[in-house]
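Heads up: the structure comes next, in structure tokens.
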Amino acid sequence: MRGEGRLELAGELGFADAAAIWHAMGDATAGIVRPRDLRGPGDDSPEPALVIDLDRATRVDGAVIALVVAVRARLLARGVRCHITADSERLRALVHLYRGDELPPPVPVQRGRERGIAWLGGAVDHALAQARQMVAFSGELAAAIAETIRRPARASWRDLPALIIRAGTDGIPIILVLNFLIGFVMAYQSARQLALFGANIFAADIVGLSVPRELAPLMTAIIVVGRSGAAYAAELGTMRVSDEIDALRTMGFAPVPYLVVPRILALVIVTPVLTLLGDVVGVIGGIVVGSASLDITPAAFLAELRTAVEASDLWTGLCKSVAFGAAIGVIGCQHGLATRGAASGVGRGTTSTVVSCLFTIVVIDTLFTMVFRRLGL
């Protein structure tokens, strides 16, 4: 039944009525094109132009709700503000499950036609929205970790070994090659300058201090971002757009403890181990250059390394890698769960994850450097 700006569905509405309801709603909304078609002169009210009223429906199944949501989506695409109302808590839950209460995506605006202040305001608003989402997710994650400690069965621990293998074992070859080349390049770049002053032996100091403290943690974290952070965002984003997350909630599984906590824990475990392996092969790269270009025997290189490098140089880099792993896991999972849309949304979420992770890693490294400097390390 169609009222002024209102479309009412009443009675028991089941799967057998779906076709008739679809045609009836299509006929009732066929002439609605613009929001002002349902408003009086001078009416600029922000209220919906059309309300689909389920208050008088005594029973509605999921098929009918899906049709109602589809009709609403068509109206939104035509520029008609539309809202679904229901008195029953069960109906409101069904509408939410089928995403019938989500706001329409904003209409894209051509950047070339925006004024500078408008573009800056939009960028700041987007950044604040991202910050709010991250803060809300951090709170939810903290609550999930506390809940997991009290009730370990809430998390999917069976997936943890596979996650560790994917993030760690499968990434060892590229980690070893990259850090070997980093140590090789550091020693090779310093070889000529050191040879001018007869200080060849100090190549061991350069490699021994730069690789464990800075280069190995950073290079390892960058590889983990590209492999695991992007993978987490793509996996959870795909689950989000294909309604698998909603299915988990329906079965009583909270997504954050069940999916997010094991993934973050896997990266916290794996990243320091990969960094430690990177430290070893980075030093080996320096030894190769020392033997080939600086007339430094491996024994002399290692002896100088023992005098120059302290235990604090090693564990400071490992502390950074733990923080890097946690940050990559949190950002990747948050962007994945926040994905909207279809394949394009998953792509945007994955790209945003990589950019956000790289920026965060540099910020964390800067903060650690300042703290360690204050502590005399």
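Lettering and numbering for the structure tokens are positional, with chains as A, B, ... in the shown order, residues counted from 1 in each chain, and ligands counted from 1 in the shown order.
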For Thr220 of chain A: contacts at 8 Å, only C-alpha atoms, fewer than 2 positions along chain excluded, given as JSON, numbers by chain: {"A": [175, 179, 216, 217, 218, 222, 223, 224, 271, 274, 275, 278]}
Writer output for current selection, N, CA, C and O atoms, as a compact mmCIF listing (two decimals), in the first residue's frame:
```txt
# COMPACT_ATOMS: atom_id res chain seq x y z
N ILE A 175 63.55 -12.83 2.94
CA ILE A 175 64.15 -12.11 4.07
C ILE A 175 65.67 -12.31 4.06
O ILE A 175 66.44 -11.35 4.25
N ASN A 179 68.30 -9.12 3.36
CA ASN A 179 69.20 -8.66 4.41
C ASN A 179 70.67 -8.97 4.09
O ASN A 179 71.56 -8.22 4.50
N ALA A 216 67.95 -4.31 9.56
CA ALA A 216 67.28 -5.61 9.55
C ALA A 216 65.83 -5.52 10.04
O ALA A 216 64.92 -6.07 9.40
N PRO A 217 65.54 -4.82 11.17
CA PRO A 217 64.13 -4.69 11.56
C PRO A 217 63.27 -3.98 10.52
O PRO A 217 62.15 -4.41 10.24
N LEU A 218 63.80 -2.90 9.91
CA LEU A 218 63.02 -2.16 8.93
C LEU A 218 62.78 -2.97 7.66
O LEU A 218 61.66 -3.05 7.16
N ILE A 222 59.18 -4.34 6.24
CA ILE A 222 58.66 -3.98 4.92
C ILE A 222 58.23 -5.23 4.15
O ILE A 222 57.17 -5.25 3.49
N ILE A 223 59.03 -6.28 4.23
CA ILE A 223 58.65 -7.52 3.57
C ILE A 223 57.39 -8.11 4.20
O ILE A 223 56.49 -8.60 3.51
N VAL A 224 57.29 -8.05 5.53
CA VAL A 224 56.11 -8.58 6.21
C VAL A 224 54.87 -7.78 5.82
O VAL A 224 53.78 -8.34 5.67
N THR A 271 57.88 -12.01 13.44
CA THR A 271 58.72 -10.89 13.01
C THR A 271 60.06 -10.83 13.74
O THR A 271 61.10 -10.62 13.09
N LEU A 274 62.33 -13.57 12.24
CA LEU A 274 62.83 -13.19 10.92
C LEU A 274 63.88 -12.09 11.02
O LEU A 274 64.86 -12.08 10.26
N THR A 275 63.70 -11.16 11.95
CA THR A 275 64.70 -10.10 12.14
C THR A 275 66.03 -10.67 12.60
O THR A 275 67.11 -10.24 12.15
N GLY A 278 67.70 -12.10 9.76
CA GLY A 278 68.22 -11.01 8.95
C GLY A 278 69.52 -10.44 9.52
O GLY A 278 70.43 -10.06 8.76
```
Surrounding residues of segment 11-27 of chain A excluding itself and chain neighbours under 3 positions, 9 Å, only C-alpha atoms, as number ranges by chain: A: 7, 30-31, 56-64, 67-68, 71
Serialized selection, N, CA, C and O atoms, as a compact mmCIF listing (two decimals), in the first residue's frame:
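Saved file again24.txt follows:
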```txt
# COMPACT_ATOMS: atom_id res chain seq x y z
N LEU A 7 5.65 3.59 1.76
CA LEU A 7 5.29 2.34 1.12
C LEU A 7 5.17 1.29 2.22
O LEU A 7 6.17 0.96 2.87
N ALA A 30 8.18 3.06 -9.58
CA ALA A 30 8.71 3.27 -10.94
C ALA A 30 8.78 4.74 -11.31
O ALA A 30 9.69 5.18 -12.01
N GLY A 31 7.84 5.54 -10.84
CA GLY A 31 7.82 6.95 -11.24
C GLY A 31 8.66 7.85 -10.37
O GLY A 31 8.72 9.06 -10.62
N ARG A 56 3.53 -3.07 10.07
CA ARG A 56 2.32 -3.89 10.11
C ARG A 56 2.55 -5.30 9.57
O ARG A 56 1.61 -6.06 9.40
N ALA A 57 3.79 -5.62 9.28
CA ALA A 57 4.11 -6.98 8.81
C ALA A 57 4.24 -7.91 10.02
O ALA A 57 5.02 -7.65 10.94
N THR A 58 3.44 -8.97 10.02
CA THR A 58 3.46 -9.90 11.17
C THR A 58 4.56 -10.93 11.04
O THR A 58 5.09 -11.41 12.04
N ARG A 59 4.93 -11.30 9.84
CA ARG A 59 6.01 -12.26 9.63
C ARG A 59 6.66 -11.99 8.28
O ARG A 59 5.97 -11.91 7.27
N VAL A 60 7.96 -11.83 8.30
CA VAL A 60 8.72 -11.56 7.07
C VAL A 60 9.94 -12.45 7.08
O VAL A 60 10.69 -12.48 8.08
N ASP A 61 10.18 -13.18 5.99
CA ASP A 61 11.38 -14.00 5.95
C ASP A 61 12.51 -13.29 5.22
O ASP A 61 12.35 -12.18 4.70
N GLY A 62 13.66 -13.93 5.17
CA GLY A 62 14.85 -13.28 4.62
C GLY A 62 14.73 -12.94 3.15
O GLY A 62 15.30 -11.94 2.69
N ALA A 63 13.99 -13.76 2.38
CA ALA A 63 13.87 -13.48 0.95
C ALA A 63 13.16 -12.15 0.70
O ALA A 63 13.58 -11.36 -0.16
N VAL A 64 12.10 -11.89 1.46
CA VAL A 64 11.38 -10.63 1.29
C VAL A 64 12.24 -9.45 1.73
O VAL A 64 12.25 -8.39 1.09
N LEU A 67 14.57 -8.55 -0.98
CA LEU A 67 13.91 -7.79 -2.05
C LEU A 67 13.71 -6.34 -1.64
O LEU A 67 13.92 -5.42 -2.44
N VAL A 68 13.29 -6.12 -0.40
CA VAL A 68 13.07 -4.75 0.07
C VAL A 68 14.38 -3.96 0.04
O VAL A 68 14.42 -2.80 -0.40
N VAL A 71 15.19 -3.04 -3.52
CA VAL A 71 14.41 -1.90 -3.99
C VAL A 71 14.98 -0.60 -3.43
O VAL A 71 15.10 0.41 -4.13
```
In terms of the shortest atom-to-atom distance over only C-alpha atoms, which of A:Leu294, A:Arg99, A:Ser210, A:Gly79 is closest to Leu196 of chain A?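 Of the candidates, the smallest distance to Leu196 of chain A is held by A:Leu294.
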Can you tell me which residues surround Leu209 of chain A at a distance of at most 12 Å, considering only C-alpha atoms, apart from same-chain residues fewer than 4 positions away, and format the answer as a ChimeraX atom specification? /A:183,186-187,202-205,213-216,279,282-283,286,304-317,377
As a ChimeraX atom specification, please: the residues near segment 236-248 of chain A (cut-off 8 Å, only C-alpha atoms, same-chain neighbours under 2 positions excluded). /A:97,232-234,250-255,333,335-343,345-346,349
Give me a file of those residues, with N, CA, C and O atoms, as a compact mmCIF listing (two decimals), in the first residue's frame.
```txt
# COMPACT_ATOMS: atom_id res chain seq x y z
N LEU A 97 21.14 -7.24 8.95
CA LEU A 97 21.91 -8.36 8.40
C LEU A 97 22.04 -8.23 6.89
O LEU A 97 23.10 -8.52 6.32
N TYR A 232 46.39 -10.17 4.99
CA TYR A 232 45.34 -10.09 6.02
C TYR A 232 44.20 -9.18 5.57
O TYR A 232 43.02 -9.50 5.73
N ALA A 233 44.56 -8.02 5.02
CA ALA A 233 43.53 -7.08 4.56
C ALA A 233 42.70 -7.70 3.45
O ALA A 233 41.47 -7.56 3.42
N ALA A 234 43.34 -8.39 2.51
CA ALA A 234 42.60 -9.00 1.41
C ALA A 234 41.71 -10.14 1.90
O ALA A 234 40.56 -10.28 1.46
N THR A 250 26.41 -14.70 13.15
CA THR A 250 25.17 -15.46 13.27
C THR A 250 25.40 -16.77 14.02
O THR A 250 24.55 -17.21 14.81
N MET A 251 26.55 -17.39 13.81
CA MET A 251 26.86 -18.65 14.49
C MET A 251 27.41 -18.44 15.89
O MET A 251 27.76 -19.41 16.58
N GLY A 252 27.54 -17.19 16.31
CA GLY A 252 27.98 -16.91 17.67
C GLY A 252 29.47 -16.69 17.84
O GLY A 252 29.96 -16.66 18.96
N PHE A 253 30.21 -16.50 16.74
CA PHE A 253 31.65 -16.25 16.81
C PHE A 253 31.92 -14.77 16.62
O PHE A 253 31.54 -14.20 15.59
N ALA A 254 32.57 -14.15 17.60
CA ALA A 254 32.95 -12.74 17.46
C ALA A 254 34.15 -12.66 16.51
O ALA A 254 35.15 -13.36 16.71
N PRO A 255 34.09 -11.83 15.46
CA PRO A 255 35.16 -11.82 14.46
C PRO A 255 36.52 -11.43 15.02
O PRO A 255 37.54 -12.00 14.61
N CYS A 333 44.32 -6.10 9.73
CA CYS A 333 43.01 -6.64 10.12
C CYS A 333 41.95 -5.54 10.17
O CYS A 333 40.80 -5.75 9.77
N HIS A 335 41.79 -2.69 8.42
CA HIS A 335 41.39 -2.31 7.08
C HIS A 335 40.58 -3.42 6.41
O HIS A 335 39.67 -3.13 5.63
N GLY A 336 40.91 -4.67 6.71
CA GLY A 336 40.13 -5.76 6.13
C GLY A 336 38.70 -5.78 6.62
O GLY A 336 37.76 -5.90 5.83
N LEU A 337 38.50 -5.62 7.93
CA LEU A 337 37.15 -5.64 8.49
C LEU A 337 36.36 -4.39 8.12
O LEU A 337 35.12 -4.41 8.18
N ALA A 338 37.04 -3.31 7.78
CA ALA A 338 36.35 -2.07 7.40
C ALA A 338 36.06 -2.00 5.90
O ALA A 338 35.53 -0.99 5.43
N THR A 339 36.35 -3.05 5.16
CA THR A 339 36.15 -3.04 3.71
C THR A 339 34.67 -2.96 3.38
O THR A 339 33.84 -3.63 3.99
N ARG A 340 34.33 -2.15 2.40
CA ARG A 340 32.98 -2.05 1.88
C ARG A 340 33.03 -2.17 0.36
O ARG A 340 34.04 -1.87 -0.27
N GLY A 341 31.92 -2.60 -0.23
CA GLY A 341 31.87 -2.73 -1.67
C GLY A 341 32.22 -4.14 -2.10
O GLY A 341 32.09 -5.10 -1.34
N ALA A 342 32.68 -4.28 -3.31
CA ALA A 342 33.00 -5.60 -3.85
C ALA A 342 34.51 -5.72 -4.07
O ALA A 342 35.28 -5.38 -3.19
N ALA A 343 34.92 -6.18 -5.24
CA ALA A 343 36.34 -6.38 -5.50
C ALA A 343 37.13 -5.08 -5.41
O ALA A 343 38.26 -5.06 -4.91
N GLY A 345 36.53 -2.58 -3.49
CA GLY A 345 36.71 -2.25 -2.08
C GLY A 345 37.85 -3.03 -1.46
O GLY A 345 38.63 -2.50 -0.66
N VAL A 346 37.97 -4.31 -1.82
CA VAL A 346 39.09 -5.13 -1.32
C VAL A 346 40.41 -4.57 -1.82
O VAL A 346 41.40 -4.49 -1.07
N GLY A 349 41.21 -1.40 0.12
CA GLY A 349 41.62 -1.72 1.48
C GLY A 349 43.04 -2.27 1.54
O GLY A 349 43.81 -1.94 2.44
```
Excluding same-chain residues fewer than 6 positions from Ala167 of chain A, what lies within 9 Å of it counting only C-alpha atoms, as a list in words?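 My list of contacting residues is Val224, Arg227, Ser228, Ala266, Leu267, Val270 and Thr271 of chain A.
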So which residues of segment 52-298 of chain A fall under alpha helix (DSSP H) by DSSP, listed as number ranges by chain? A: 62-77, 89-97, 116-150, 160-167, 172-196, 203-210, 216-224, 230-241, 244-250, 255, 261-293, 298
My list of candidates is A:Gly198, A:Ala230, A:Val322, A:Ile328. Which is closest to Phe368 of chain A when distances are computed with only C-alpha atoms?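 Among the listed residues, A:Val322 lies closest to Phe368 of chain A.
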Students should find that atom CA of Arg374 of chain A and atom CA of Ile206 of chain A are spaced 21.9 Å
Run DSSP on the backbone and give me the residues of segment 46-186 of chain A it puts in strand (DSSP E), as a list of chain:residue names. A:Leu50, A:Val51, A:Ile52, A:Asp53, A:Ala57, A:Thr58, A:Arg59, A:Val60, A:Cys82, A:His83, A:Ile84, A:Thr85
Selection near Val371 of chain A, 12 Å with only C-alpha atoms, sequence-local residues under 5 positions removed, as a ChimeraX atom specification: /A:316,319-320,364-366,376-377
A:Glu102, A:Arg6, A:Leu94, A:Val80 ranked by distance to Ala28 of chain A, top pick (using only C-alpha atoms): A:Arg6
Sorted by chain and rising residue number, which residues of segment 245-296 of chain A lie within 10 Å of segment 146-149 of chain A, and what are their closest atom pairs and distances in Å to one decimal, counting only C-alpha atoms, as CSV?
```
residue,atom,partner,partner_atom,distance
A:Val256,CA,A:Thr148,CA,9.9
A:Pro257,CA,A:Thr148,CA,6.5
A:Tyr258,CA,A:Thr148,CA,9.0
A:Val261,CA,A:Thr148,CA,8.3
```
Nearest to Cys357 of chain A, restricted to only C-alpha atoms and choosing among A:Thr369, A:Val225, A:Ala303, A:Thr297, comes out as A:Val225
Please list as a PyMOL selection string every residue within 8 Å of Ile287 of chain A, counting only C-alpha atoms and excluding residues in the same chain fewer than 2 positions away. chain A and resi 204+283-285+289-291+296-298+301
